[in-house]
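Engineer: mmCIF, N, CA and C atoms, saved as target36.cif, coming up:
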```cif
data_coords
#
loop_
_atom_site.label_atom_id
_atom_site.label_comp_id
_atom_site.auth_asym_id
_atom_site.auth_seq_id
_atom_site.Cartn_x
_atom_site.Cartn_y
_atom_site.Cartn_z
N PRO R 17 -24.44 78.13 -205.81
CA PRO R 17 -24.47 78.82 -207.10
C PRO R 17 -23.17 79.60 -207.33
N LEU R 18 -22.67 79.52 -208.52
CA LEU R 18 -21.45 80.22 -208.87
C LEU R 18 -21.81 81.31 -209.87
N PRO R 19 -21.71 82.56 -209.46
CA PRO R 19 -22.08 83.66 -210.35
C PRO R 19 -21.04 83.85 -211.45
N PRO R 20 -21.38 84.65 -212.48
CA PRO R 20 -20.37 84.97 -213.49
C PRO R 20 -19.15 85.60 -212.84
N LEU R 21 -18.01 85.35 -213.41
CA LEU R 21 -16.76 85.87 -212.88
C LEU R 21 -16.46 87.25 -213.47
N ALA R 22 -15.76 88.05 -212.70
CA ALA R 22 -15.26 89.32 -213.21
C ALA R 22 -14.29 89.01 -214.35
N PRO R 23 -14.11 89.94 -215.29
CA PRO R 23 -13.24 89.67 -216.44
C PRO R 23 -11.85 89.16 -216.08
N GLU R 24 -11.24 89.74 -215.05
CA GLU R 24 -9.89 89.32 -214.66
C GLU R 24 -9.90 87.88 -214.12
N ALA R 25 -10.89 87.57 -213.30
CA ALA R 25 -10.99 86.23 -212.72
C ALA R 25 -11.30 85.20 -213.81
N ALA R 26 -12.16 85.55 -214.75
CA ALA R 26 -12.49 84.64 -215.84
C ALA R 26 -11.26 84.36 -216.69
N ALA R 27 -10.48 85.40 -216.98
CA ALA R 27 -9.26 85.22 -217.78
C ALA R 27 -8.24 84.35 -217.04
N THR R 28 -8.17 84.50 -215.72
CA THR R 28 -7.26 83.67 -214.92
C THR R 28 -7.72 82.21 -214.96
N LEU R 29 -9.02 81.97 -214.80
CA LEU R 29 -9.55 80.61 -214.90
C LEU R 29 -9.25 80.02 -216.27
N PHE R 30 -9.49 80.80 -217.31
CA PHE R 30 -9.24 80.35 -218.68
C PHE R 30 -7.77 79.97 -218.86
N SER R 31 -6.89 80.83 -218.39
CA SER R 31 -5.45 80.60 -218.51
C SER R 31 -5.02 79.33 -217.78
N ARG R 32 -5.51 79.15 -216.56
CA ARG R 32 -5.14 77.96 -215.78
C ARG R 32 -5.70 76.68 -216.42
N ALA R 33 -6.95 76.75 -216.89
CA ALA R 33 -7.55 75.58 -217.52
C ALA R 33 -6.84 75.26 -218.83
N ALA R 34 -6.41 76.28 -219.55
CA ALA R 34 -5.72 76.07 -220.83
C ALA R 34 -4.43 75.28 -220.64
N LEU R 35 -3.75 75.50 -219.53
CA LEU R 35 -2.50 74.77 -219.26
C LEU R 35 -2.73 73.26 -219.23
N ARG R 36 -3.89 72.84 -218.74
CA ARG R 36 -4.20 71.40 -218.68
C ARG R 36 -4.27 70.78 -220.07
N PHE R 37 -4.50 71.62 -221.08
CA PHE R 37 -4.64 71.12 -222.44
C PHE R 37 -3.45 71.49 -223.31
N GLY R 38 -2.34 71.85 -222.63
CA GLY R 38 -1.11 72.12 -223.34
C GLY R 38 -1.04 73.47 -224.02
N ALA R 39 -1.96 74.37 -223.69
CA ALA R 39 -1.96 75.71 -224.29
C ALA R 39 -1.47 76.72 -223.27
N SER R 40 -0.75 77.69 -223.74
CA SER R 40 -0.25 78.73 -222.86
C SER R 40 -0.89 80.06 -223.26
N VAL R 41 -1.79 80.53 -222.40
CA VAL R 41 -2.47 81.81 -222.62
C VAL R 41 -2.38 82.57 -221.31
N THR R 42 -1.83 83.76 -221.34
CA THR R 42 -1.71 84.52 -220.11
C THR R 42 -3.04 85.20 -219.78
N PRO R 43 -3.34 85.35 -218.49
CA PRO R 43 -4.58 86.02 -218.10
C PRO R 43 -4.65 87.47 -218.57
N GLU R 44 -3.48 88.07 -218.82
CA GLU R 44 -3.44 89.46 -219.27
C GLU R 44 -3.69 89.58 -220.76
N SER R 45 -3.72 88.48 -221.45
CA SER R 45 -3.90 88.48 -222.90
C SER R 45 -5.25 89.08 -223.29
N GLU R 46 -5.22 89.99 -224.25
CA GLU R 46 -6.46 90.59 -224.75
C GLU R 46 -7.36 89.51 -225.34
N LEU R 47 -6.78 88.54 -225.99
CA LEU R 47 -7.54 87.45 -226.59
C LEU R 47 -8.27 86.63 -225.51
N ALA R 48 -7.58 86.33 -224.41
CA ALA R 48 -8.21 85.59 -223.31
C ALA R 48 -9.38 86.38 -222.75
N ARG R 49 -9.20 87.67 -222.57
CA ARG R 49 -10.27 88.52 -222.04
C ARG R 49 -11.46 88.58 -223.00
N ARG R 50 -11.18 88.66 -224.30
CA ARG R 50 -12.27 88.73 -225.27
C ARG R 50 -13.04 87.41 -225.32
N ILE R 51 -12.33 86.30 -225.21
CA ILE R 51 -12.99 84.99 -225.19
C ILE R 51 -13.89 84.90 -223.96
N CYS R 52 -13.36 85.27 -222.81
CA CYS R 52 -14.12 85.19 -221.55
C CYS R 52 -15.30 86.16 -221.56
N THR R 53 -15.12 87.32 -222.12
CA THR R 53 -16.22 88.29 -222.20
C THR R 53 -17.33 87.76 -223.10
N SER R 54 -16.96 87.12 -224.20
CA SER R 54 -17.98 86.57 -225.09
C SER R 54 -18.77 85.44 -224.41
N LEU R 55 -18.19 84.86 -223.36
CA LEU R 55 -18.85 83.80 -222.61
C LEU R 55 -19.51 84.33 -221.33
N ASP R 56 -19.59 85.65 -221.21
CA ASP R 56 -20.21 86.30 -220.05
C ASP R 56 -19.57 85.92 -218.72
N GLY R 57 -18.33 85.44 -218.75
CA GLY R 57 -17.65 85.09 -217.52
C GLY R 57 -18.22 83.87 -216.81
N LEU R 58 -19.02 83.08 -217.52
CA LEU R 58 -19.63 81.89 -216.89
C LEU R 58 -18.55 80.82 -216.72
N PRO R 59 -18.30 80.41 -215.48
CA PRO R 59 -17.19 79.48 -215.21
C PRO R 59 -17.22 78.20 -216.04
N LEU R 60 -18.38 77.56 -216.17
CA LEU R 60 -18.43 76.32 -216.95
C LEU R 60 -18.10 76.60 -218.41
N ALA R 61 -18.63 77.66 -218.96
CA ALA R 61 -18.35 78.01 -220.36
C ALA R 61 -16.87 78.33 -220.55
N VAL R 62 -16.29 79.07 -219.61
CA VAL R 62 -14.86 79.42 -219.69
C VAL R 62 -14.02 78.15 -219.65
N HIS R 63 -14.36 77.24 -218.76
CA HIS R 63 -13.60 75.99 -218.65
C HIS R 63 -13.73 75.16 -219.93
N LEU R 64 -14.94 75.04 -220.45
CA LEU R 64 -15.14 74.28 -221.68
C LEU R 64 -14.39 74.93 -222.85
N ALA R 65 -14.41 76.25 -222.90
CA ALA R 65 -13.70 76.95 -223.98
C ALA R 65 -12.20 76.68 -223.89
N ALA R 66 -11.67 76.67 -222.68
CA ALA R 66 -10.25 76.38 -222.52
C ALA R 66 -9.94 74.98 -223.05
N GLY R 67 -10.86 74.06 -222.86
CA GLY R 67 -10.69 72.72 -223.40
C GLY R 67 -10.64 72.71 -224.91
N GLY R 68 -11.30 73.70 -225.53
CA GLY R 68 -11.26 73.83 -226.97
C GLY R 68 -9.87 74.13 -227.51
N LEU R 69 -8.99 74.59 -226.62
CA LEU R 69 -7.61 74.88 -227.04
C LEU R 69 -6.82 73.61 -227.32
N ALA R 70 -7.38 72.47 -226.97
CA ALA R 70 -6.72 71.21 -227.31
C ALA R 70 -6.77 70.97 -228.82
N HIS R 71 -7.73 71.64 -229.51
CA HIS R 71 -7.92 71.43 -230.95
C HIS R 71 -7.83 72.71 -231.77
N ARG R 72 -7.79 73.87 -231.10
CA ARG R 72 -7.80 75.16 -231.79
C ARG R 72 -6.78 76.09 -231.13
N THR R 73 -6.35 77.07 -231.90
CA THR R 73 -5.53 78.13 -231.33
C THR R 73 -6.49 79.15 -230.70
N PRO R 74 -6.00 80.01 -229.82
CA PRO R 74 -6.87 81.04 -229.27
C PRO R 74 -7.48 81.93 -230.35
N ASP R 75 -6.72 82.20 -231.42
CA ASP R 75 -7.26 83.00 -232.53
C ASP R 75 -8.42 82.30 -233.22
N GLU R 76 -8.37 80.98 -233.33
CA GLU R 76 -9.47 80.22 -233.94
C GLU R 76 -10.64 80.08 -232.98
N LEU R 77 -10.35 80.06 -231.69
CA LEU R 77 -11.39 79.85 -230.68
C LEU R 77 -12.31 81.06 -230.55
N LEU R 78 -11.77 82.26 -230.63
CA LEU R 78 -12.58 83.46 -230.41
C LEU R 78 -13.79 83.54 -231.33
N PRO R 79 -13.65 83.41 -232.65
CA PRO R 79 -14.86 83.49 -233.48
C PRO R 79 -15.82 82.33 -233.21
N PHE R 80 -15.27 81.20 -232.81
CA PHE R 80 -16.12 80.04 -232.51
C PHE R 80 -17.01 80.32 -231.31
N VAL R 81 -16.43 80.85 -230.23
CA VAL R 81 -17.21 81.08 -229.02
C VAL R 81 -18.05 82.35 -229.11
N SER R 82 -17.82 83.15 -230.12
CA SER R 82 -18.60 84.37 -230.28
C SER R 82 -19.98 84.11 -230.88
N ARG R 83 -20.23 82.89 -231.30
CA ARG R 83 -21.53 82.53 -231.86
C ARG R 83 -22.23 81.56 -230.91
N LEU R 84 -23.40 81.96 -230.42
CA LEU R 84 -24.10 81.19 -229.40
C LEU R 84 -24.29 79.74 -229.80
N ARG R 85 -24.66 79.49 -231.03
CA ARG R 85 -24.93 78.09 -231.40
C ARG R 85 -23.68 77.23 -231.27
N HIS R 86 -22.50 77.83 -231.44
CA HIS R 86 -21.27 77.07 -231.26
C HIS R 86 -20.91 76.90 -229.79
N VAL R 87 -21.13 77.95 -229.00
CA VAL R 87 -20.78 77.90 -227.58
C VAL R 87 -21.52 76.76 -226.89
N LEU R 88 -22.80 76.62 -227.22
CA LEU R 88 -23.59 75.58 -226.58
C LEU R 88 -23.07 74.18 -226.86
N ASP R 89 -22.31 74.02 -227.93
CA ASP R 89 -21.81 72.70 -228.29
C ASP R 89 -20.32 72.50 -228.04
N LEU R 90 -19.71 73.43 -227.30
CA LEU R 90 -18.33 73.20 -226.90
C LEU R 90 -18.27 71.90 -226.11
N THR R 91 -17.37 71.04 -226.46
CA THR R 91 -17.29 69.73 -225.81
C THR R 91 -16.16 69.74 -224.79
N SER R 92 -16.48 69.22 -223.62
CA SER R 92 -15.45 69.09 -222.59
C SER R 92 -14.47 68.01 -223.01
N PRO R 93 -13.18 68.30 -222.93
CA PRO R 93 -12.19 67.27 -223.25
C PRO R 93 -12.00 66.26 -222.13
N VAL R 94 -12.67 66.45 -221.01
CA VAL R 94 -12.57 65.52 -219.88
C VAL R 94 -13.55 64.38 -220.15
N THR R 95 -13.06 63.22 -220.51
CA THR R 95 -13.93 62.12 -220.94
C THR R 95 -14.73 61.43 -219.85
N PRO R 96 -14.30 61.36 -218.60
CA PRO R 96 -15.12 60.62 -217.65
C PRO R 96 -16.38 61.38 -217.19
N LEU R 97 -16.64 62.56 -217.73
CA LEU R 97 -17.83 63.30 -217.31
C LEU R 97 -19.09 62.62 -217.80
N PRO R 98 -20.17 62.70 -217.02
CA PRO R 98 -21.45 62.20 -217.52
C PRO R 98 -21.86 62.99 -218.77
N SER R 99 -22.62 62.39 -219.65
CA SER R 99 -22.99 63.05 -220.91
C SER R 99 -23.68 64.38 -220.67
N ARG R 100 -24.42 64.53 -219.58
CA ARG R 100 -25.14 65.78 -219.30
C ARG R 100 -24.19 66.94 -218.97
N GLN R 101 -22.91 66.63 -218.73
CA GLN R 101 -21.95 67.68 -218.37
C GLN R 101 -20.90 67.90 -219.45
N ARG R 102 -21.06 67.28 -220.61
CA ARG R 102 -20.03 67.40 -221.63
C ARG R 102 -20.17 68.64 -222.51
N THR R 103 -21.37 69.20 -222.61
CA THR R 103 -21.57 70.44 -223.36
C THR R 103 -22.53 71.32 -222.58
N LEU R 104 -22.51 72.61 -222.88
CA LEU R 104 -23.48 73.52 -222.25
C LEU R 104 -24.89 73.16 -222.68
N ARG R 105 -25.05 72.78 -223.94
CA ARG R 105 -26.38 72.40 -224.44
C ARG R 105 -26.92 71.21 -223.64
N ALA R 106 -26.09 70.21 -223.40
CA ALA R 106 -26.52 69.04 -222.64
C ALA R 106 -26.86 69.42 -221.20
N SER R 107 -26.07 70.31 -220.60
CA SER R 107 -26.34 70.75 -219.23
C SER R 107 -27.66 71.50 -219.14
N LEU R 108 -27.88 72.40 -220.09
CA LEU R 108 -29.15 73.14 -220.10
C LEU R 108 -30.34 72.23 -220.34
N SER R 109 -30.19 71.30 -221.28
CA SER R 109 -31.27 70.36 -221.58
C SER R 109 -31.60 69.50 -220.36
N TRP R 110 -30.58 69.02 -219.69
CA TRP R 110 -30.77 68.20 -218.49
C TRP R 110 -31.48 69.01 -217.41
N SER R 111 -31.01 70.25 -217.19
CA SER R 111 -31.65 71.12 -216.19
C SER R 111 -33.11 71.39 -216.55
N HIS R 112 -33.37 71.62 -217.83
CA HIS R 112 -34.73 71.90 -218.28
C HIS R 112 -35.65 70.71 -218.00
N ARG R 113 -35.16 69.51 -218.25
CA ARG R 113 -35.98 68.30 -218.03
C ARG R 113 -36.31 68.11 -216.55
N LEU R 114 -35.46 68.61 -215.66
CA LEU R 114 -35.70 68.47 -214.22
C LEU R 114 -36.75 69.45 -213.70
N CYS R 115 -37.10 70.45 -214.50
CA CYS R 115 -38.04 71.48 -214.06
C CYS R 115 -39.49 71.03 -214.15
N THR R 116 -40.31 71.62 -213.30
CA THR R 116 -41.75 71.40 -213.39
C THR R 116 -42.28 72.18 -214.60
N PRO R 117 -43.49 71.87 -215.05
CA PRO R 117 -44.05 72.65 -216.17
C PRO R 117 -44.10 74.15 -215.89
N ASP R 118 -44.46 74.56 -214.67
CA ASP R 118 -44.49 75.99 -214.35
C ASP R 118 -43.09 76.60 -214.38
N GLU R 119 -42.08 75.85 -213.92
CA GLU R 119 -40.71 76.35 -213.97
C GLU R 119 -40.25 76.51 -215.41
N ARG R 120 -40.61 75.55 -216.27
CA ARG R 120 -40.23 75.66 -217.68
C ARG R 120 -40.88 76.87 -218.34
N LEU R 121 -42.14 77.09 -218.03
CA LEU R 121 -42.84 78.24 -218.60
C LEU R 121 -42.21 79.54 -218.12
N LEU R 122 -41.92 79.62 -216.83
CA LEU R 122 -41.30 80.82 -216.29
C LEU R 122 -39.90 81.01 -216.88
N TRP R 123 -39.15 79.95 -217.01
CA TRP R 123 -37.80 80.01 -217.60
C TRP R 123 -37.89 80.63 -218.99
N ALA R 124 -38.81 80.15 -219.79
CA ALA R 124 -38.99 80.70 -221.15
C ALA R 124 -39.37 82.17 -221.09
N ARG R 125 -40.27 82.53 -220.22
CA ARG R 125 -40.71 83.91 -220.13
C ARG R 125 -39.63 84.84 -219.59
N CYS R 126 -38.80 84.34 -218.70
CA CYS R 126 -37.74 85.17 -218.14
C CYS R 126 -36.65 85.47 -219.17
N SER R 127 -36.68 84.80 -220.29
CA SER R 127 -35.68 85.06 -221.32
C SER R 127 -35.82 86.47 -221.92
N VAL R 128 -36.91 87.16 -221.62
CA VAL R 128 -37.06 88.54 -222.10
C VAL R 128 -36.16 89.50 -221.34
N PHE R 129 -35.71 89.12 -220.17
CA PHE R 129 -34.84 89.99 -219.38
C PHE R 129 -33.40 89.87 -219.90
N ASP R 130 -32.80 91.01 -220.18
CA ASP R 130 -31.41 90.98 -220.63
C ASP R 130 -30.46 91.49 -219.55
N GLU R 131 -31.00 91.74 -218.37
CA GLU R 131 -30.21 92.17 -217.22
C GLU R 131 -30.74 91.44 -215.99
N PRO R 132 -30.04 91.51 -214.87
CA PRO R 132 -30.57 90.88 -213.65
C PRO R 132 -31.98 91.38 -213.35
N PHE R 133 -32.78 90.48 -212.78
CA PHE R 133 -34.16 90.84 -212.45
C PHE R 133 -34.54 90.22 -211.13
N THR R 134 -35.63 90.72 -210.55
CA THR R 134 -36.09 90.25 -209.25
C THR R 134 -37.41 89.50 -209.41
N LEU R 135 -37.86 88.93 -208.32
CA LEU R 135 -39.16 88.28 -208.31
C LEU R 135 -40.24 89.30 -208.67
N ARG R 136 -40.13 90.49 -208.14
CA ARG R 136 -41.12 91.54 -208.45
C ARG R 136 -41.16 91.80 -209.96
N ASP R 137 -39.99 91.85 -210.60
CA ASP R 137 -39.93 92.05 -212.06
C ASP R 137 -40.62 90.89 -212.78
N ALA R 138 -40.32 89.66 -212.35
CA ALA R 138 -40.92 88.49 -212.97
C ALA R 138 -42.44 88.49 -212.80
N LEU R 139 -42.92 88.88 -211.64
CA LEU R 139 -44.36 88.95 -211.42
C LEU R 139 -45.00 89.98 -212.35
N ALA R 140 -44.35 91.11 -212.52
CA ALA R 140 -44.91 92.17 -213.36
C ALA R 140 -44.93 91.78 -214.84
N VAL R 141 -43.92 91.05 -215.29
CA VAL R 141 -43.79 90.76 -216.71
C VAL R 141 -44.33 89.38 -217.10
N CYS R 142 -44.19 88.40 -216.24
CA CYS R 142 -44.43 87.00 -216.62
C CYS R 142 -45.74 86.40 -216.12
N SER R 143 -46.44 87.07 -215.26
CA SER R 143 -47.66 86.52 -214.68
C SER R 143 -48.85 86.76 -215.61
N ASP R 144 -49.70 85.73 -215.76
CA ASP R 144 -50.94 85.85 -216.52
C ASP R 144 -51.87 84.71 -216.09
N GLU R 145 -52.91 84.46 -216.88
CA GLU R 145 -53.87 83.42 -216.50
C GLU R 145 -53.28 82.00 -216.56
N TRP R 146 -52.21 81.77 -217.30
CA TRP R 146 -51.58 80.45 -217.36
C TRP R 146 -50.52 80.27 -216.29
N LEU R 147 -50.03 81.37 -215.75
CA LEU R 147 -49.04 81.31 -214.68
C LEU R 147 -49.36 82.45 -213.70
N ALA R 148 -50.27 82.15 -212.79
CA ALA R 148 -50.73 83.15 -211.81
C ALA R 148 -49.62 83.43 -210.79
N ALA R 149 -49.84 84.45 -209.97
CA ALA R 149 -48.82 84.93 -209.04
C ALA R 149 -48.30 83.84 -208.10
N SER R 150 -49.18 83.08 -207.47
CA SER R 150 -48.73 82.08 -206.49
C SER R 150 -47.87 80.99 -207.13
N PRO R 151 -48.34 80.36 -208.23
CA PRO R 151 -47.47 79.37 -208.88
C PRO R 151 -46.18 79.98 -209.44
N LEU R 152 -46.25 81.24 -209.86
CA LEU R 152 -45.04 81.90 -210.37
C LEU R 152 -44.01 82.04 -209.25
N VAL R 153 -44.45 82.42 -208.06
CA VAL R 153 -43.52 82.56 -206.93
C VAL R 153 -42.87 81.21 -206.63
N THR R 154 -43.66 80.15 -206.66
CA THR R 154 -43.13 78.80 -206.41
C THR R 154 -42.13 78.41 -207.50
N ALA R 155 -42.49 78.69 -208.76
CA ALA R 155 -41.60 78.37 -209.88
C ALA R 155 -40.30 79.18 -209.81
N PHE R 156 -40.41 80.45 -209.43
CA PHE R 156 -39.25 81.32 -209.30
C PHE R 156 -38.30 80.74 -208.25
N ALA R 157 -38.85 80.34 -207.12
CA ALA R 157 -38.03 79.75 -206.05
C ALA R 157 -37.37 78.47 -206.53
N GLY R 158 -38.09 77.65 -207.30
CA GLY R 158 -37.51 76.41 -207.83
C GLY R 158 -36.37 76.67 -208.79
N LEU R 159 -36.55 77.63 -209.69
CA LEU R 159 -35.48 77.97 -210.65
C LEU R 159 -34.27 78.56 -209.93
N ALA R 160 -34.54 79.37 -208.90
CA ALA R 160 -33.43 79.95 -208.13
C ALA R 160 -32.68 78.85 -207.38
N ALA R 161 -33.39 77.89 -206.83
CA ALA R 161 -32.75 76.80 -206.08
C ALA R 161 -31.89 75.95 -206.99
N GLN R 162 -32.27 75.86 -208.27
CA GLN R 162 -31.50 75.08 -209.25
C GLN R 162 -30.42 75.92 -209.94
N SER R 163 -30.28 77.16 -209.52
CA SER R 163 -29.30 78.10 -210.09
C SER R 163 -29.55 78.38 -211.57
N VAL R 164 -30.81 78.28 -211.99
CA VAL R 164 -31.16 78.63 -213.36
C VAL R 164 -31.29 80.14 -213.48
N ILE R 165 -31.88 80.73 -212.45
CA ILE R 165 -31.98 82.21 -212.42
C ILE R 165 -31.36 82.70 -211.13
#
```
Take the structure from the file and write it as structure tokens.
Structural biologist:
Amino acid sequence: PLPPLAPEAAATLFSRAALRFGASVTPESELARRICTSLDGLPLAVHLAAGGLAHRTPDELLPFVSRLRHVLDLTSPVTPLPSRQRTLRASLSWSHRLCTPDERLLWARCSVFDEPFTLRDALAVCSDEWLAASPLVTAFAGLAAQSVI
């Protein structure tokens, strides 16, 4: 699992990836940091956003990535990738299809958390008659193993 990157590391990744697409953005750039912050420092999102520089300037990219519906559809400029890895939406959809029904239910319920949470938190908030404690623990472990949570 690759956790979100610190702002400086995300900006460095963005800058290095941008070079592959003929764009020059320094890691110290306020624009690079704002783009990476809007992507929560997620490495895949940062890399895909850098690929967007093949068709947009950094000034055009920032408002684009600041809207979730657009971020999910950022397309990787690397063509040999499998279709499931070409956009964040495709990656999430593919991951969702691999989950068991209990994992999908827990994934949906965990969306109420806007900060890091623990199994204890998930048990307190997400457990009920449709997802009892034991299956929830199993689902939590499955989602953690898939790096969903």
Engineer: Run through the PyMOL selection byres ((chain R and resi 20) around 8) on the given coordinates and return the selected residues as a list in words.
Structural biologist: Pro17, Leu18, Pro19, Leu21, Ala22, Pro23, Ala25, Ala26, Leu55, Asp56, Gly57, Leu58 and Pro59 of chain R
Engineer: For the selection just defined, write its residues with N, CA and C atoms to a file, as a PDB file, in the coordinates of the input.
Structural biologist:
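As written to disk, part39.pdb reads:
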```pdb
ATOM      1  N   PRO R  17     -24.440  78.130-205.810  1.00  0.00           N
ATOM      2  CA  PRO R  17     -24.470  78.820-207.100  1.00  0.00           C
ATOM      3  C   PRO R  17     -23.170  79.600-207.330  1.00  0.00           C
ATOM      4  N   LEU R  18     -22.670  79.520-208.520  1.00  0.00           N
ATOM      5  CA  LEU R  18     -21.450  80.220-208.870  1.00  0.00           C
ATOM      6  C   LEU R  18     -21.810  81.310-209.870  1.00  0.00           C
ATOM      7  N   PRO R  19     -21.710  82.560-209.460  1.00  0.00           N
ATOM      8  CA  PRO R  19     -22.080  83.660-210.350  1.00  0.00           C
ATOM      9  C   PRO R  19     -21.040  83.850-211.450  1.00  0.00           C
ATOM     10  N   LEU R  21     -18.010  85.350-213.410  1.00  0.00           N
ATOM     11  CA  LEU R  21     -16.760  85.870-212.880  1.00  0.00           C
ATOM     12  C   LEU R  21     -16.460  87.250-213.470  1.00  0.00           C
ATOM     13  N   ALA R  22     -15.760  88.050-212.700  1.00  0.00           N
ATOM     14  CA  ALA R  22     -15.260  89.320-213.210  1.00  0.00           C
ATOM     15  C   ALA R  22     -14.290  89.010-214.350  1.00  0.00           C
ATOM     16  N   PRO R  23     -14.110  89.940-215.290  1.00  0.00           N
ATOM     17  CA  PRO R  23     -13.240  89.670-216.440  1.00  0.00           C
ATOM     18  C   PRO R  23     -11.850  89.160-216.080  1.00  0.00           C
ATOM     19  N   ALA R  25     -10.890  87.570-213.300  1.00  0.00           N
ATOM     20  CA  ALA R  25     -10.990  86.230-212.720  1.00  0.00           C
ATOM     21  C   ALA R  25     -11.300  85.200-213.810  1.00  0.00           C
ATOM     22  N   ALA R  26     -12.160  85.550-214.750  1.00  0.00           N
ATOM     23  CA  ALA R  26     -12.490  84.640-215.840  1.00  0.00           C
ATOM     24  C   ALA R  26     -11.260  84.360-216.690  1.00  0.00           C
ATOM     25  N   LEU R  55     -18.190  84.860-223.360  1.00  0.00           N
ATOM     26  CA  LEU R  55     -18.850  83.800-222.610  1.00  0.00           C
ATOM     27  C   LEU R  55     -19.510  84.330-221.330  1.00  0.00           C
ATOM     28  N   ASP R  56     -19.590  85.650-221.210  1.00  0.00           N
ATOM     29  CA  ASP R  56     -20.210  86.300-220.050  1.00  0.00           C
ATOM     30  C   ASP R  56     -19.570  85.920-218.720  1.00  0.00           C
ATOM     31  N   GLY R  57     -18.330  85.440-218.750  1.00  0.00           N
ATOM     32  CA  GLY R  57     -17.650  85.090-217.520  1.00  0.00           C
ATOM     33  C   GLY R  57     -18.220  83.870-216.810  1.00  0.00           C
ATOM     34  N   LEU R  58     -19.020  83.080-217.520  1.00  0.00           N
ATOM     35  CA  LEU R  58     -19.630  81.890-216.890  1.00  0.00           C
ATOM     36  C   LEU R  58     -18.550  80.820-216.720  1.00  0.00           C
ATOM     37  N   PRO R  59     -18.300  80.410-215.480  1.00  0.00           N
ATOM     38  CA  PRO R  59     -17.190  79.480-215.210  1.00  0.00           C
ATOM     39  C   PRO R  59     -17.220  78.200-216.040  1.00  0.00           C
TER      40      PRO R  59
END
```
Engineer: Just the number, please: distance in Å from atom C of Arg36 of chain R to atom N of Ala106 of chain R, one decimal.
Structural biologist: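 Value for the atom C of Arg36 of chain R-atom N of Ala106 of chain R distance: 22.1 Å.
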Engineer: Using the chain letters and residue numbers of this document, give as a ChimeraX atom specification the residues selected by the PyMOL selection byres (((chain R and resi 126 and name CA) around 10) and name CA).
Structural biologist: /R:120-125,127-130,133,137-138,141-142,156,165
Engineer: For Ala39 of chain R, which residue out of R:Glu76, R:Leu69, R:Leu139, R:Val153 is the nearest one, using only N, CA and C atoms?
Structural biologist: R:Leu69
Engineer: Just want the 8 Å neighbourhood of Leu78 of chain R, counted on all atoms listed in the file, with same-chain residues fewer than 3 positions away dropped. Output as a list in words.
Structural biologist: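 Once the adjacent positions are removed, what remains is Leu47, Arg50, Ile51, Cys52, Arg72, Thr73, Pro74, Asp75, Val81, Ser82 and Arg83 of chain R.
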Engineer: Record the distance separating atom C of Arg32 of chain R and atom C of Ala65 of chain R, expressed in Å with one decimal.
Structural biologist: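 Distance reported for this atom pair: 9.9 Å.
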Engineer: Go ahead and compute the interatomic distance for atom CA of Ala61 of chain R and atom CA of Leu104 of chain R, in Å to one decimal.
Structural biologist: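 Computing it gives 7.1 Å between the two atoms.
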Engineer: First collect every listed atom of segment 129-139 of chain R; then fit an axis-aligned box around them, widen it by 8 Å on each side, and give centre and edge lengths in Å to one decimal, as JSON.
Structural biologist:
```
{"center_x": -37.5, "center_y": 90.2, "center_z": -214.4, "size_x": 31.0, "size_y": 19.9, "size_z": 28.5}
```
Engineer: Please list as a compact mmCIF listing (two decimals) with N, CA and C atoms, in the coordinates of the input every residue within 7 Å of Ser31 of chain R, counting only N, CA and C atoms and excluding residues in the same chain fewer than 2 positions away.
Structural biologist:
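This went into out-v4.txt:
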```
# COMPACT_ATOMS: atom_id res chain seq x y z
N ALA R 26 -12.16 85.55 -214.75
CA ALA R 26 -12.49 84.64 -215.84
C ALA R 26 -11.26 84.36 -216.69
N ALA R 27 -10.48 85.40 -216.98
CA ALA R 27 -9.26 85.22 -217.78
C ALA R 27 -8.24 84.35 -217.04
N THR R 28 -8.17 84.50 -215.72
CA THR R 28 -7.26 83.67 -214.92
C THR R 28 -7.72 82.21 -214.96
N LEU R 29 -9.02 81.97 -214.80
CA LEU R 29 -9.55 80.61 -214.90
C LEU R 29 -9.25 80.02 -216.27
N ALA R 33 -6.95 76.75 -216.89
CA ALA R 33 -7.55 75.58 -217.52
C ALA R 33 -6.84 75.26 -218.83
N ALA R 34 -6.41 76.28 -219.55
CA ALA R 34 -5.72 76.07 -220.83
C ALA R 34 -4.43 75.28 -220.64
N LEU R 35 -3.75 75.50 -219.53
CA LEU R 35 -2.50 74.77 -219.26
C LEU R 35 -2.73 73.26 -219.23
N ARG R 36 -3.89 72.84 -218.74
CA ARG R 36 -4.20 71.40 -218.68
C ARG R 36 -4.27 70.78 -220.07
N SER R 40 -0.75 77.69 -223.74
CA SER R 40 -0.25 78.73 -222.86
C SER R 40 -0.89 80.06 -223.26
N VAL R 41 -1.79 80.53 -222.40
CA VAL R 41 -2.47 81.81 -222.62
C VAL R 41 -2.38 82.57 -221.31
N THR R 42 -1.83 83.76 -221.34
CA THR R 42 -1.71 84.52 -220.11
C THR R 42 -3.04 85.20 -219.78
N PRO R 43 -3.34 85.35 -218.49
CA PRO R 43 -4.58 86.02 -218.10
C PRO R 43 -4.65 87.47 -218.57
N ALA R 48 -7.58 86.33 -224.41
CA ALA R 48 -8.21 85.59 -223.31
C ALA R 48 -9.38 86.38 -222.75
N ALA R 66 -11.67 76.67 -222.68
CA ALA R 66 -10.25 76.38 -222.52
C ALA R 66 -9.94 74.98 -223.05
```
Engineer: Counting all atoms listed in the file, which residue out of R:Phe80, R:Glu119, R:Ala140, R:Thr134 sits closest to Thr154 of chain R?
Structural biologist: R:Glu119
